[in-house]
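Q: Structure file run-v3.cif (mmCIF, C-alpha atoms and all ligand atoms; chains and numbers go by the auth columns) right here:
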```
data_run
loop_
_atom_site.group_PDB
_atom_site.id
_atom_site.type_symbol
_atom_site.label_atom_id
_atom_site.label_comp_id
_atom_site.label_asym_id
_atom_site.label_seq_id
_atom_site.Cartn_x
_atom_site.Cartn_y
_atom_site.Cartn_z
_atom_site.B_iso_or_equiv
_atom_site.auth_seq_id
_atom_site.auth_asym_id
ATOM 1 C CA ASN A 1 115.726 55.401 115.501 0.00 74 A
ATOM 2 C CA SER A 2 113.947 54.247 118.628 0.00 75 A
ATOM 3 C CA ARG A 3 113.033 57.689 119.958 0.00 76 A
ATOM 4 C CA ASP A 4 109.264 58.080 120.115 0.00 77 A
ATOM 5 C CA LYS A 5 107.948 61.053 118.283 0.00 78 A
ATOM 6 C CA LYS A 6 105.235 63.208 119.753 0.00 79 A
ATOM 7 C CA TYR A 7 104.119 64.711 116.459 0.00 80 A
ATOM 8 C CA LYS A 8 103.358 63.018 113.178 0.00 81 A
ATOM 9 C CA ARG A 9 103.258 66.168 111.074 0.00 82 A
ATOM 10 C CA ILE A 10 104.715 69.571 111.882 0.00 83 A
ATOM 11 C CA LEU A 11 104.775 72.938 110.184 0.00 84 A
ATOM 12 C CA LEU A 12 108.138 74.595 110.768 0.00 85 A
ATOM 13 C CA LYS A 13 108.421 78.351 110.268 0.00 86 A
ATOM 14 C CA LEU A 14 111.888 79.768 109.697 0.00 87 A
ATOM 15 C CA SER A 15 112.345 83.494 109.358 0.00 88 A
ATOM 16 C CA GLY A 16 114.419 84.719 106.457 0.00 89 A
ATOM 17 C CA GLU A 17 116.909 86.105 108.954 0.00 90 A
ATOM 18 C CA GLU A 18 117.679 82.563 110.087 0.00 91 A
ATOM 19 C CA LEU A 19 119.205 81.913 106.667 0.00 92 A
ATOM 20 C CA MET A 20 121.622 84.791 106.513 0.00 93 A
ATOM 21 C CA GLY A 21 124.106 83.592 109.114 0.00 94 A
ATOM 22 C CA GLU A 22 126.701 86.188 109.964 0.00 95 A
ATOM 23 C CA VAL A 23 126.633 87.853 106.574 0.00 96 A
ATOM 24 C CA GLY A 24 123.786 90.240 107.460 0.00 97 A
ATOM 25 C CA PHE A 25 122.011 89.923 104.115 0.00 98 A
ATOM 26 C CA GLY A 26 121.093 87.187 101.682 0.00 99 A
ATOM 27 C CA ILE A 27 121.636 83.483 102.168 0.00 100 A
ATOM 28 C CA ASP A 28 124.500 81.657 103.867 0.00 101 A
ATOM 29 C CA PRO A 29 124.783 78.159 102.350 0.00 102 A
ATOM 30 C CA LYS A 30 126.500 76.890 105.508 0.00 103 A
ATOM 31 C CA VAL A 31 123.439 77.795 107.561 0.00 104 A
ATOM 32 C CA LEU A 32 121.207 76.075 105.024 0.00 105 A
ATOM 33 C CA ASP A 33 123.222 72.879 105.286 0.00 106 A
ATOM 34 C CA LYS A 34 122.910 72.941 109.057 0.00 107 A
ATOM 35 C CA MET A 35 119.150 73.409 108.827 0.00 108 A
ATOM 36 C CA ALA A 36 118.896 70.598 106.303 0.00 109 A
ATOM 37 C CA LEU A 37 120.683 68.341 108.771 0.00 110 A
ATOM 38 C CA GLU A 38 118.262 69.195 111.576 0.00 111 A
ATOM 39 C CA ILE A 39 115.250 68.712 109.307 0.00 112 A
ATOM 40 C CA GLY A 40 116.745 65.424 108.112 0.00 113 A
ATOM 41 C CA GLN A 41 116.774 64.173 111.712 0.00 114 A
ATOM 42 C CA LEU A 42 113.011 64.614 111.847 0.00 115 A
ATOM 43 C CA VAL A 43 112.450 62.919 108.510 0.00 116 A
ATOM 44 C CA GLY A 44 114.695 60.133 109.787 0.00 117 A
ATOM 45 C CA ILE A 45 112.306 59.295 112.628 0.00 118 A
ATOM 46 C CA GLY A 46 109.293 59.511 110.340 0.00 119 A
ATOM 47 C CA VAL A 47 108.025 63.008 111.108 0.00 120 A
ATOM 48 C CA GLN A 48 106.322 64.749 108.186 0.00 121 A
ATOM 49 C CA VAL A 49 107.681 68.256 107.696 0.00 122 A
ATOM 50 C CA GLY A 50 105.984 71.238 106.079 0.00 123 A
ATOM 51 C CA LEU A 51 108.172 74.312 105.912 0.00 124 A
ATOM 52 C CA VAL A 52 107.440 78.010 105.542 0.00 125 A
ATOM 53 C CA ILE A 53 110.397 80.340 105.132 0.00 126 A
ATOM 54 C CA GLY A 54 110.187 84.100 105.466 0.00 127 A
ATOM 55 C CA GLY A 55 111.864 86.655 103.249 0.00 128 A
ATOM 56 C CA GLY A 56 113.172 89.219 105.698 0.00 129 A
ATOM 57 C CA ASN A 57 116.806 88.466 104.830 0.00 130 A
ATOM 58 C CA LEU A 58 116.081 89.913 101.375 0.00 131 A
ATOM 59 C CA PHE A 59 113.015 92.162 101.296 0.00 132 A
ATOM 60 C CA ARG A 60 110.155 93.194 103.525 0.00 133 A
ATOM 61 C CA GLY A 61 107.206 95.113 102.121 0.00 134 A
ATOM 62 C CA ALA A 62 106.891 97.386 105.145 0.00 135 A
ATOM 63 C CA ALA A 63 110.584 98.378 105.012 0.00 136 A
ATOM 64 C CA LEU A 64 110.451 99.000 101.264 0.00 137 A
ATOM 65 C CA SER A 65 107.332 101.083 101.761 0.00 138 A
ATOM 66 C CA ALA A 66 109.014 103.143 104.487 0.00 139 A
ATOM 67 C CA ALA A 67 111.805 103.799 101.981 0.00 140 A
ATOM 68 C CA GLY A 68 109.292 105.142 99.458 0.00 141 A
ATOM 69 C CA LEU A 69 108.123 102.158 97.397 0.00 142 A
ATOM 70 C CA ASP A 70 104.486 101.302 96.883 0.00 143 A
ATOM 71 C CA ARG A 71 103.491 98.927 99.701 0.00 144 A
ATOM 72 C CA VAL A 72 101.782 96.302 97.566 0.00 145 A
ATOM 73 C CA THR A 73 104.731 96.229 95.170 0.00 146 A
ATOM 74 C CA GLY A 74 107.029 95.865 98.176 0.00 147 A
ATOM 75 C CA ASP A 75 104.947 92.966 99.465 0.00 148 A
ATOM 76 C CA HIS A 76 105.133 91.307 96.065 0.00 149 A
ATOM 77 C CA MET A 77 108.923 91.641 96.253 0.00 150 A
ATOM 78 C CA GLY A 78 108.848 90.178 99.763 0.00 151 A
ATOM 79 C CA MET A 79 106.847 87.182 98.571 0.00 152 A
ATOM 80 C CA LEU A 80 109.252 86.642 95.678 0.00 153 A
ATOM 81 C CA ALA A 81 112.081 86.732 98.230 0.00 154 A
ATOM 82 C CA THR A 82 110.472 83.813 100.072 0.00 155 A
ATOM 83 C CA VAL A 83 110.511 81.838 96.817 0.00 156 A
ATOM 84 C CA MET A 84 114.266 82.437 96.469 0.00 157 A
ATOM 85 C CA ASN A 85 114.796 81.249 100.042 0.00 158 A
ATOM 86 C CA ALA A 86 112.636 78.198 99.368 0.00 159 A
ATOM 87 C CA LEU A 87 114.690 77.307 96.286 0.00 160 A
ATOM 88 C CA ALA A 88 117.906 77.590 98.289 0.00 161 A
ATOM 89 C CA MET A 89 116.482 75.415 101.060 0.00 162 A
ATOM 90 C CA ARG A 90 115.244 72.791 98.599 0.00 163 A
ATOM 91 C CA ASP A 91 118.715 72.707 97.112 0.00 164 A
ATOM 92 C CA ALA A 92 120.287 72.138 100.539 0.00 165 A
ATOM 93 C CA LEU A 93 117.756 69.414 101.409 0.00 166 A
ATOM 94 C CA GLU A 94 118.266 67.607 98.115 0.00 167 A
ATOM 95 C CA ARG A 95 122.040 67.748 98.536 0.00 168 A
ATOM 96 C CA SER A 96 121.485 65.978 101.865 0.00 169 A
ATOM 97 C CA ASN A 97 119.354 63.372 100.069 0.00 170 A
ATOM 98 C CA ILE A 98 116.112 64.579 101.631 0.00 171 A
ATOM 99 C CA SER A 99 113.283 64.622 99.083 0.00 172 A
ATOM 100 C CA SER A 100 111.582 67.944 99.000 0.00 173 A
ATOM 101 C CA ARG A 101 109.504 70.180 96.823 0.00 174 A
ATOM 102 C CA VAL A 102 108.465 73.792 96.715 0.00 175 A
ATOM 103 C CA MET A 103 104.839 74.829 96.312 0.00 176 A
ATOM 104 C CA SER A 104 104.201 78.491 95.704 0.00 177 A
ATOM 105 C CA ALA A 105 101.026 80.391 96.552 0.00 178 A
ATOM 106 C CA ILE A 106 101.666 82.378 93.355 0.00 179 A
ATOM 107 C CA PRO A 107 101.899 80.316 90.164 0.00 180 A
ATOM 108 C CA MET A 108 105.440 80.381 88.816 0.00 181 A
ATOM 109 C CA SER A 109 105.427 77.786 86.117 0.00 182 A
ATOM 110 C CA GLY A 110 108.846 76.387 85.215 0.00 183 A
ATOM 111 C CA ILE A 111 110.387 77.254 88.573 0.00 184 A
ATOM 112 C CA VAL A 112 108.146 75.815 91.282 0.00 185 A
ATOM 113 C CA GLU A 113 104.811 74.044 91.556 0.00 186 A
ATOM 114 C CA HIS A 114 101.623 75.877 92.360 0.00 187 A
ATOM 115 C CA TYR A 115 100.257 75.176 95.861 0.00 188 A
ATOM 116 C CA ASP A 116 97.591 72.493 95.945 0.00 189 A
ATOM 117 C CA ARG A 117 96.462 71.382 99.391 0.00 190 A
ATOM 118 C CA ARG A 118 95.538 67.807 98.528 0.00 191 A
ATOM 119 C CA HIS A 119 98.727 67.307 96.583 0.00 192 A
ATOM 120 C CA ALA A 120 100.725 68.766 99.455 0.00 193 A
ATOM 121 C CA ILE A 121 99.149 66.291 101.892 0.00 194 A
ATOM 122 C CA ARG A 122 99.930 63.403 99.543 0.00 195 A
ATOM 123 C CA CYS A 123 103.572 64.516 99.336 0.00 196 A
ATOM 124 C CA LEU A 124 103.814 64.882 103.122 0.00 197 A
ATOM 125 C CA ASN A 125 102.375 61.392 103.542 0.00 198 A
ATOM 126 C CA ALA A 126 105.026 60.125 101.145 0.00 199 A
ATOM 127 C CA GLY A 127 107.711 61.576 103.414 0.00 200 A
ATOM 128 C CA GLU A 128 108.707 64.558 101.284 0.00 201 A
ATOM 129 C CA VAL A 129 109.502 67.889 102.893 0.00 202 A
ATOM 130 C CA VAL A 130 107.059 70.387 101.396 0.00 203 A
ATOM 131 C CA ILE A 131 108.228 73.996 101.358 0.00 204 A
ATOM 132 C CA PHE A 132 105.334 76.429 101.077 0.00 205 A
ATOM 133 C CA ALA A 133 106.605 79.544 99.333 0.00 206 A
ATOM 134 C CA ALA A 134 105.264 83.024 98.443 0.00 207 A
ATOM 135 C CA GLY A 135 103.513 83.370 101.800 0.00 208 A
ATOM 136 C CA THR A 136 99.743 83.491 101.507 0.00 209 A
ATOM 137 C CA GLY A 137 99.997 84.988 98.019 0.00 210 A
ATOM 138 C CA ASN A 138 98.477 88.242 99.263 0.00 211 A
ATOM 139 C CA PRO A 139 100.003 91.560 100.271 0.00 212 A
ATOM 140 C CA PHE A 140 99.578 92.846 103.851 0.00 213 A
ATOM 141 C CA PHE A 141 100.134 89.375 105.299 0.00 214 A
ATOM 142 C CA THR A 142 103.260 87.855 106.803 0.00 215 A
ATOM 143 C CA THR A 143 104.887 84.476 106.524 0.00 216 A
ATOM 144 C CA ASP A 144 103.873 83.821 110.153 0.00 217 A
ATOM 145 C CA SER A 145 100.279 83.973 108.968 0.00 218 A
ATOM 146 C CA ALA A 146 101.202 81.806 105.992 0.00 219 A
ATOM 147 C CA ALA A 147 102.770 79.234 108.332 0.00 220 A
ATOM 148 C CA CYS A 148 99.662 79.089 110.526 0.00 221 A
ATOM 149 C CA LEU A 149 97.380 78.975 107.486 0.00 222 A
ATOM 150 C CA ARG A 150 99.271 76.141 105.805 0.00 223 A
ATOM 151 C CA GLY A 151 99.665 74.314 109.109 0.00 224 A
ATOM 152 C CA ILE A 152 95.904 74.389 109.634 0.00 225 A
ATOM 153 C CA GLU A 153 95.193 73.460 106.006 0.00 226 A
ATOM 154 C CA VAL A 154 97.436 70.402 105.944 0.00 227 A
ATOM 155 C CA GLU A 155 96.338 69.431 109.467 0.00 228 A
ATOM 156 C CA ALA A 156 99.756 69.653 111.082 0.00 229 A
ATOM 157 C CA ASP A 157 99.881 68.763 114.782 0.00 230 A
ATOM 158 C CA ILE A 158 101.737 71.951 115.678 0.00 231 A
ATOM 159 C CA VAL A 159 103.378 75.060 114.230 0.00 232 A
ATOM 160 C CA LEU A 160 106.998 75.373 115.360 0.00 233 A
ATOM 161 C CA LYS A 161 108.312 78.902 115.052 0.00 234 A
ATOM 162 C CA ALA A 162 112.071 79.219 115.163 0.00 235 A
ATOM 163 C CA THR A 163 113.332 82.536 116.528 0.00 236 A
ATOM 164 C CA LYS A 164 116.596 84.040 117.734 0.00 237 A
ATOM 165 C CA VAL A 165 115.345 83.993 121.333 0.00 238 A
ATOM 166 C CA ASP A 166 114.580 80.679 123.037 0.00 239 A
ATOM 167 C CA GLY A 167 110.907 81.444 123.675 0.00 240 A
ATOM 168 C CA VAL A 168 108.566 84.252 124.672 0.00 241 A
ATOM 169 C CA TYR A 169 109.710 86.555 127.480 0.00 242 A
ATOM 170 C CA THR A 170 107.953 89.089 129.717 0.00 243 A
ATOM 171 C CA ALA A 171 110.174 91.757 128.127 0.00 244 A
ATOM 172 C CA ASP A 172 112.967 91.827 125.556 0.00 245 A
ATOM 173 C CA PRO A 173 115.699 89.751 127.271 0.00 246 A
ATOM 174 C CA MET A 174 118.369 91.566 125.221 0.00 247 A
ATOM 175 C CA LYS A 175 117.368 94.873 126.832 0.00 248 A
ATOM 176 C CA ASP A 176 115.901 93.858 130.194 0.00 249 A
ATOM 177 C CA ALA A 177 117.930 91.547 132.445 0.00 250 A
ATOM 178 C CA SER A 178 114.910 90.885 134.689 0.00 251 A
ATOM 179 C CA ALA A 179 112.857 89.446 131.804 0.00 252 A
ATOM 180 C CA THR A 180 111.633 85.902 132.422 0.00 253 A
ATOM 181 C CA LYS A 181 110.536 83.266 129.961 0.00 254 A
ATOM 182 C CA TYR A 182 107.013 81.907 129.721 0.00 255 A
ATOM 183 C CA ASP A 183 106.770 78.119 129.449 0.00 256 A
ATOM 184 C CA ARG A 184 103.186 78.315 128.341 0.00 257 A
ATOM 185 C CA LEU A 185 100.785 81.019 127.179 0.00 258 A
ATOM 186 C CA THR A 186 97.216 81.062 125.924 0.00 259 A
ATOM 187 C CA TYR A 187 96.325 82.736 122.637 0.00 260 A
ATOM 188 C CA ASP A 188 94.429 85.343 124.642 0.00 261 A
ATOM 189 C CA ASN A 189 97.510 86.046 126.821 0.00 262 A
ATOM 190 C CA VAL A 190 99.451 86.814 123.658 0.00 263 A
ATOM 191 C CA LEU A 191 96.682 89.014 122.274 0.00 264 A
ATOM 192 C CA GLU A 192 95.876 90.859 125.517 0.00 265 A
ATOM 193 C CA GLU A 193 99.445 91.439 126.624 0.00 266 A
ATOM 194 C CA LYS A 194 100.481 92.369 123.082 0.00 267 A
ATOM 195 C CA LEU A 195 103.438 89.996 123.245 0.00 268 A
ATOM 196 C CA GLY A 196 105.096 90.488 119.885 0.00 269 A
ATOM 197 C CA VAL A 197 105.513 86.773 119.184 0.00 270 A
ATOM 198 C CA MET A 198 103.685 86.671 115.889 0.00 271 A
ATOM 199 C CA ASP A 199 101.370 89.092 114.187 0.00 272 A
ATOM 200 C CA LEU A 200 97.812 89.119 115.464 0.00 273 A
ATOM 201 C CA THR A 201 96.363 87.651 112.275 0.00 274 A
ATOM 202 C CA ALA A 202 98.499 84.552 112.776 0.00 275 A
ATOM 203 C CA ILE A 203 97.590 84.186 116.458 0.00 276 A
ATOM 204 C CA CYS A 204 93.862 84.682 115.791 0.00 277 A
ATOM 205 C CA LEU A 205 93.955 82.079 113.047 0.00 278 A
ATOM 206 C CA CYS A 206 95.585 79.565 115.391 0.00 279 A
ATOM 207 C CA ARG A 207 93.172 80.387 118.196 0.00 280 A
ATOM 208 C CA ASP A 208 90.122 79.975 115.953 0.00 281 A
ATOM 209 C CA HIS A 209 91.353 76.628 114.645 0.00 282 A
ATOM 210 C CA ASP A 210 93.021 75.258 117.758 0.00 283 A
ATOM 211 C CA MET A 211 96.490 75.085 116.300 0.00 284 A
ATOM 212 C CA PRO A 212 99.207 75.049 118.987 0.00 285 A
ATOM 213 C CA VAL A 213 102.386 77.042 118.363 0.00 286 A
ATOM 214 C CA ARG A 214 105.770 76.463 119.960 0.00 287 A
ATOM 215 C CA VAL A 215 108.330 79.276 119.833 0.00 288 A
ATOM 216 C CA PHE A 216 111.901 78.062 120.244 0.00 289 A
ATOM 217 C CA ARG A 217 115.501 78.708 119.281 0.00 290 A
ATOM 218 C CA MET A 218 116.658 76.737 116.292 0.00 291 A
ATOM 219 C CA ASN A 219 120.182 78.004 116.708 0.00 292 A
ATOM 220 C CA LYS A 220 120.741 75.361 119.370 0.00 293 A
ATOM 221 C CA SER A 221 121.737 72.157 117.658 0.00 294 A
ATOM 222 C CA GLY A 222 119.238 69.327 118.246 0.00 295 A
ATOM 223 C CA ALA A 223 116.509 71.650 119.590 0.00 296 A
ATOM 224 C CA LEU A 224 114.113 70.753 116.806 0.00 297 A
ATOM 225 C CA LEU A 225 114.514 67.015 117.342 0.00 298 A
ATOM 226 C CA ASN A 226 114.113 67.458 121.108 0.00 299 A
ATOM 227 C CA ILE A 227 110.790 69.197 120.626 0.00 300 A
ATOM 228 C CA VAL A 228 109.502 66.565 118.276 0.00 301 A
ATOM 229 C CA VAL A 229 110.257 63.821 120.809 0.00 302 A
ATOM 230 C CA GLY A 230 108.423 65.773 123.499 0.00 303 A
ATOM 231 C CA SER A 231 110.790 68.138 125.309 0.00 304 A
ATOM 232 C CA ASN A 232 109.388 71.469 126.460 0.00 305 A
ATOM 233 C CA GLU A 233 111.904 73.829 124.872 0.00 306 A
ATOM 234 C CA GLY A 234 110.835 77.418 124.406 0.00 307 A
ATOM 235 C CA THR A 235 107.241 78.548 124.901 0.00 308 A
ATOM 236 C CA LEU A 236 104.040 76.721 124.015 0.00 309 A
ATOM 237 C CA ILE A 237 101.037 78.799 122.958 0.00 310 A
ATOM 238 C CA GLU A 238 97.693 77.004 123.125 0.00 311 A
ATOM 239 C CA GLU A 239 94.165 77.332 124.478 0.00 312 A
HETATM 240 N N1 LIG B . 104.584 88.847 102.382 0.00 401 B
HETATM 241 C C1 LIG B . 103.331 89.167 101.906 0.00 401 B
HETATM 242 N N2 LIG B . 102.307 88.270 102.068 0.00 401 B
HETATM 243 C C2 LIG B . 102.464 87.081 102.709 0.00 401 B
HETATM 244 C C3 LIG B . 103.748 86.770 103.216 0.00 401 B
HETATM 245 C C4 LIG B . 104.788 87.662 103.049 0.00 401 B
HETATM 246 O O1 LIG B . 103.141 90.218 101.317 0.00 401 B
HETATM 247 O O2 LIG B . 101.503 86.307 102.811 0.00 401 B
HETATM 248 C C5 LIG B . 105.711 89.769 102.136 0.00 401 B
HETATM 249 C C6 LIG B . 105.784 90.913 103.136 0.00 401 B
HETATM 250 O O3 LIG B . 106.228 92.053 102.451 0.00 401 B
HETATM 251 C C7 LIG B . 106.849 90.423 104.101 0.00 401 B
HETATM 252 C C8 LIG B . 107.807 89.714 103.174 0.00 401 B
HETATM 253 O O4 LIG B . 106.942 89.068 102.237 0.00 401 B
HETATM 254 O O5 LIG B . 107.495 91.483 104.759 0.00 401 B
HETATM 255 C C9 LIG B . 108.701 88.699 103.839 0.00 401 B
HETATM 256 O O6 LIG B . 107.990 87.928 104.763 0.00 401 B
HETATM 257 P P1 LIG B . 108.196 88.095 106.348 0.00 401 B
HETATM 258 O O7 LIG B . 108.409 89.516 106.692 0.00 401 B
HETATM 259 O O8 LIG B . 107.067 87.380 107.013 0.00 401 B
HETATM 260 O O9 LIG B . 109.532 87.288 106.523 0.00 401 B
HETATM 261 P P2 LIG B . 110.369 86.942 107.852 0.00 401 B
HETATM 262 O O10 LIG B . 110.255 88.096 108.791 0.00 401 B
HETATM 263 O O11 LIG B . 109.765 85.716 108.445 0.00 401 B
HETATM 264 O O12 LIG B . 111.756 86.691 107.345 0.00 401 B
#
```
Please express the file's structure as structure tokens.
A:
Amino acid sequence: NSRDKKYKRILLKLSGEELMGEVGFGIDPKVLDKMALEIGQLVGIGVQVGLVIGGGNLFRGAALSAAGLDRVTGDHMGMLATVMNALAMRDALERSNISSRVMSAIPMSGIVEHYDRRHAIRCLNAGEVVIFAAGTGNPFFTTDSAACLRGIEVEADIVLKATKVDGVYTADPMKDASATKYDRLTYDNVLEEKLGVMDLTAICLCRDHDMPVRVFRMNKSGALLNIVVGSNEGTLIEE
């Protein structure tokens, strides 16, 4: 492929909800196959891909806690949910002949490897898609924070956060027809204006370590590839 890539290594964050398709819960294999195809396009032009997948299609600690469960237990369930999503994504990637592996923040011998930064970088350099599972391994964090953390650790060029909306808006575009999209924001804009793009821990981490984040809609076929070759889809958050 002759298209010039702008990034050598990216960290892609997919929310769990992206995997559930129209079913409303769980995992839709058709959606996984589509994602695998889009990720394969990046691998095809030599982009190294780290992946963090959320767990919100299965369990979220905060929701379980609101329903009466212990919060930390709920967060443990949420992190386990991300491992299930990671396994399903690895399966879809491998079926598309894209080498991939799952590294979990929580040791889970016999199912997935334990996260090891240096090993992860070696695998990325070898062209494997590395799926970072179980979030940060700690309760009270989110997979957005995990994505930023892993992105910074493996020295990705950018964190790409796929959402249902095609960027960050002045207000919720589903509710407010006058809402307009930002092309670019600073970390401080996001923090000061309390734009609910990512949780504050994730944004602060990126700000402190100069990690740019692009929020975009994955739902649009080819969007991911477009970004990697330099198009300005969605909203860029940087200094
Ligand atoms: N979680 C956690 N620590 C982490 C990452 C995730 O405890 O470092 C738990 C938390 O309960 C969270 C759930 O896993 O609600 C699923 O992750 P998240 O809500 O970020 O998934 P997404 O919204 O991206 O699907």
Q: Which residues fall under the PyMOL selection byres (((chain A and resi 156-167) around 6) and not hetatm) in this file, as a ChimeraX atom specification?
A: /A:106,109,153-155,168-172,206-207
Q: Using C-alpha atoms, can you export the residues from the last selection as an mmCIF file, in the coordinates of the input?
A:
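Listing of part.cif after writing:
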```
data_model
loop_
_atom_site.group_PDB
_atom_site.id
_atom_site.type_symbol
_atom_site.label_atom_id
_atom_site.label_comp_id
_atom_site.auth_asym_id
_atom_site.auth_seq_id
_atom_site.Cartn_x
_atom_site.Cartn_y
_atom_site.Cartn_z
ATOM 1 C CA ASP A 106 123.222 72.879 105.286
ATOM 2 C CA ALA A 109 118.896 70.598 106.303
ATOM 3 C CA LEU A 153 109.252 86.642 95.678
ATOM 4 C CA ALA A 154 112.081 86.732 98.230
ATOM 5 C CA THR A 155 110.472 83.813 100.072
ATOM 6 C CA ARG A 168 122.040 67.748 98.536
ATOM 7 C CA SER A 169 121.485 65.978 101.865
ATOM 8 C CA ASN A 170 119.354 63.372 100.069
ATOM 9 C CA ILE A 171 116.112 64.579 101.631
ATOM 10 C CA SER A 172 113.283 64.622 99.083
ATOM 11 C CA ALA A 206 106.605 79.544 99.333
ATOM 12 C CA ALA A 207 105.264 83.024 98.443
#
```
Q: Just how far from CA of Val145 in chain A is CA of Glu265 in chain A, in Å to one decimal?
A: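 Those two atoms sit 29.1 Å apart.
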Q: Work out where the centre of an axis-aligned box around every listed atom of ligand LIG 401 (chain B) lies and how long its edges are once 5 Å is added on each side; give both in Å to one decimal as AutoDock Vina command-line options.
A:
```
--center_x 106.6 --center_y 88.9 --center_z 105.1 --size_x 20.3 --size_y 16.3 --size_z 17.5
```
Q: Distance table requested - chain A against ligand LIG 401 (chain B), cut-off 10 Å, all atoms listed in the file: one row per qualifying residue with the closest atom pair and its distance in Å to one decimal, ordered by chain and rising residue number, as CSV.
A:
```
residue,atom,partner,partner_atom,distance
A:Lys86,CA,B:LIG401,O11,7.7
A:Leu87,CA,B:LIG401,O11,6.4
A:Ser88,CA,B:LIG401,O11,3.5
A:Gly89,CA,B:LIG401,O12,3.4
A:Glu90,CA,B:LIG401,O12,5.4
A:Glu91,CA,B:LIG401,O12,7.7
A:Leu92,CA,B:LIG401,O12,8.9
A:Val125,CA,B:LIG401,O11,8.6
A:Ile126,CA,B:LIG401,O11,6.3
A:Gly127,CA,B:LIG401,O11,3.4
A:Gly128,CA,B:LIG401,C9,3.8
A:Gly129,CA,B:LIG401,O12,3.3
A:Asn130,CA,B:LIG401,O12,5.9
A:Leu131,CA,B:LIG401,C9,7.9
A:Phe132,CA,B:LIG401,C8,6.1
A:Arg133,CA,B:LIG401,O5,3.4
A:Gly134,CA,B:LIG401,O3,3.2
A:Ala135,CA,B:LIG401,O5,5.9
A:Ala136,CA,B:LIG401,O5,7.6
A:Leu137,CA,B:LIG401,O3,8.2
A:Ser138,CA,B:LIG401,O3,9.1
A:Arg144,CA,B:LIG401,O3,7.9
A:Val145,CA,B:LIG401,O1,7.3
A:Thr146,CA,B:LIG401,O3,8.5
A:Gly147,CA,B:LIG401,O3,5.8
A:Asp148,CA,B:LIG401,O3,3.4
A:His149,CA,B:LIG401,O1,5.7
A:Met150,CA,B:LIG401,O3,6.8
A:Gly151,CA,B:LIG401,O4,3.3
A:Met152,CA,B:LIG401,O4,4.1
A:Leu153,CA,B:LIG401,O4,7.4
A:Ala154,CA,B:LIG401,C9,6.8
A:Thr155,CA,B:LIG401,C9,6.4
A:Val156,CA,B:LIG401,O4,9.7
A:Asn158,CA,B:LIG401,O12,9.6
A:Ala178,CA,B:LIG401,O2,8.6
A:Ala206,CA,B:LIG401,C3,8.7
A:Ala207,CA,B:LIG401,C3,6.3
A:Gly208,CA,B:LIG401,C3,3.7
A:Thr209,CA,B:LIG401,O2,3.6
A:Gly210,CA,B:LIG401,O2,5.2
A:Asn211,CA,B:LIG401,N2,4.7
A:Pro212,CA,B:LIG401,O1,3.6
A:Phe213,CA,B:LIG401,O1,5.1
A:Phe214,CA,B:LIG401,N2,4.0
A:Thr215,CA,B:LIG401,C3,3.8
A:Thr216,CA,B:LIG401,O8,3.7
A:Asp217,CA,B:LIG401,O8,5.7
A:Ser218,CA,B:LIG401,O2,6.7
A:Ala219,CA,B:LIG401,O2,5.5
A:Ala220,CA,B:LIG401,O2,9.1
A:Leu222,CA,B:LIG401,O2,9.6
A:Lys234,CA,B:LIG401,O11,9.6
A:Ala235,CA,B:LIG401,O11,9.6
A:Thr236,CA,B:LIG401,O11,9.4
A:Met271,CA,B:LIG401,O8,9.5
A:Asp272,CA,B:LIG401,O8,9.3
```
Q: CA of Arg174 in chain A and CA of Val302 in chain A are how many Å apart?
A: 24.8 Å
Q: Check which residues satisfy the PyMOL selection byres (((chain A and resi 201) around 12) and not hetatm) in the file shown, then give them as an MDAnalysis selection string.
A: chainID A and resid 82 112:113 115:117 119:124 163 166:167 170:175 192:200 202:204
Q: Calculate how many Å separate CA of Ile83 in chain A from CA of Asp283 in chain A, rounding to one decimal.
A: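 It comes out at 14.3 Å.
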Q: Which residue gives the smallest distance to Leu233 in chain A among A:Ala140, A:Leu273, A:Val301, A:Leu264, with only C-alpha atoms counted?
A: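 Ranking A:Ala140, A:Leu273, A:Val301, A:Leu264 by distance to Leu233 in chain A, first place goes to A:Val301.
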Q: Going by the chain IDs and residue numbers used in this file, which residues fall under the PyMOL selection byres (((chain A and resi 294) around 12) and not hetatm)? Write them as a list in words.
A: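 After applying the PyMOL selection byres (((chain A and resi 294) around 12) and not hetatm), what remains is Val104, Lys107, Met108, Ala109, Leu110, Glu111, Ile112, Gln114, Phe289, Arg290, Met291, Asn292, Lys293, Gly295, Ala296, Leu297, Leu298, Asn299 and Ile300 of chain A.
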Q: Just to be explicit: take each residue in the selection above, keep C-alpha atoms, and write the result as a PDB file, keeping the file's coordinate frame.
A:
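Final output, saved to again.pdb:
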```pdb
ATOM      1  CA  VAL A 104     123.439  77.795 107.561  1.00  0.00           C
ATOM      2  CA  LYS A 107     122.910  72.941 109.057  1.00  0.00           C
ATOM      3  CA  MET A 108     119.150  73.409 108.827  1.00  0.00           C
ATOM      4  CA  ALA A 109     118.896  70.598 106.303  1.00  0.00           C
ATOM      5  CA  LEU A 110     120.683  68.341 108.771  1.00  0.00           C
ATOM      6  CA  GLU A 111     118.262  69.195 111.576  1.00  0.00           C
ATOM      7  CA  ILE A 112     115.250  68.712 109.307  1.00  0.00           C
ATOM      8  CA  GLN A 114     116.774  64.173 111.712  1.00  0.00           C
ATOM      9  CA  PHE A 289     111.901  78.062 120.244  1.00  0.00           C
ATOM     10  CA  ARG A 290     115.501  78.708 119.281  1.00  0.00           C
ATOM     11  CA  MET A 291     116.658  76.737 116.292  1.00  0.00           C
ATOM     12  CA  ASN A 292     120.182  78.004 116.708  1.00  0.00           C
ATOM     13  CA  LYS A 293     120.741  75.361 119.370  1.00  0.00           C
ATOM     14  CA  GLY A 295     119.238  69.327 118.246  1.00  0.00           C
ATOM     15  CA  ALA A 296     116.509  71.650 119.590  1.00  0.00           C
ATOM     16  CA  LEU A 297     114.113  70.753 116.806  1.00  0.00           C
ATOM     17  CA  LEU A 298     114.514  67.015 117.342  1.00  0.00           C
ATOM     18  CA  ASN A 299     114.113  67.458 121.108  1.00  0.00           C
ATOM     19  CA  ILE A 300     110.790  69.197 120.626  1.00  0.00           C
TER      20      ILE A 300
END
```
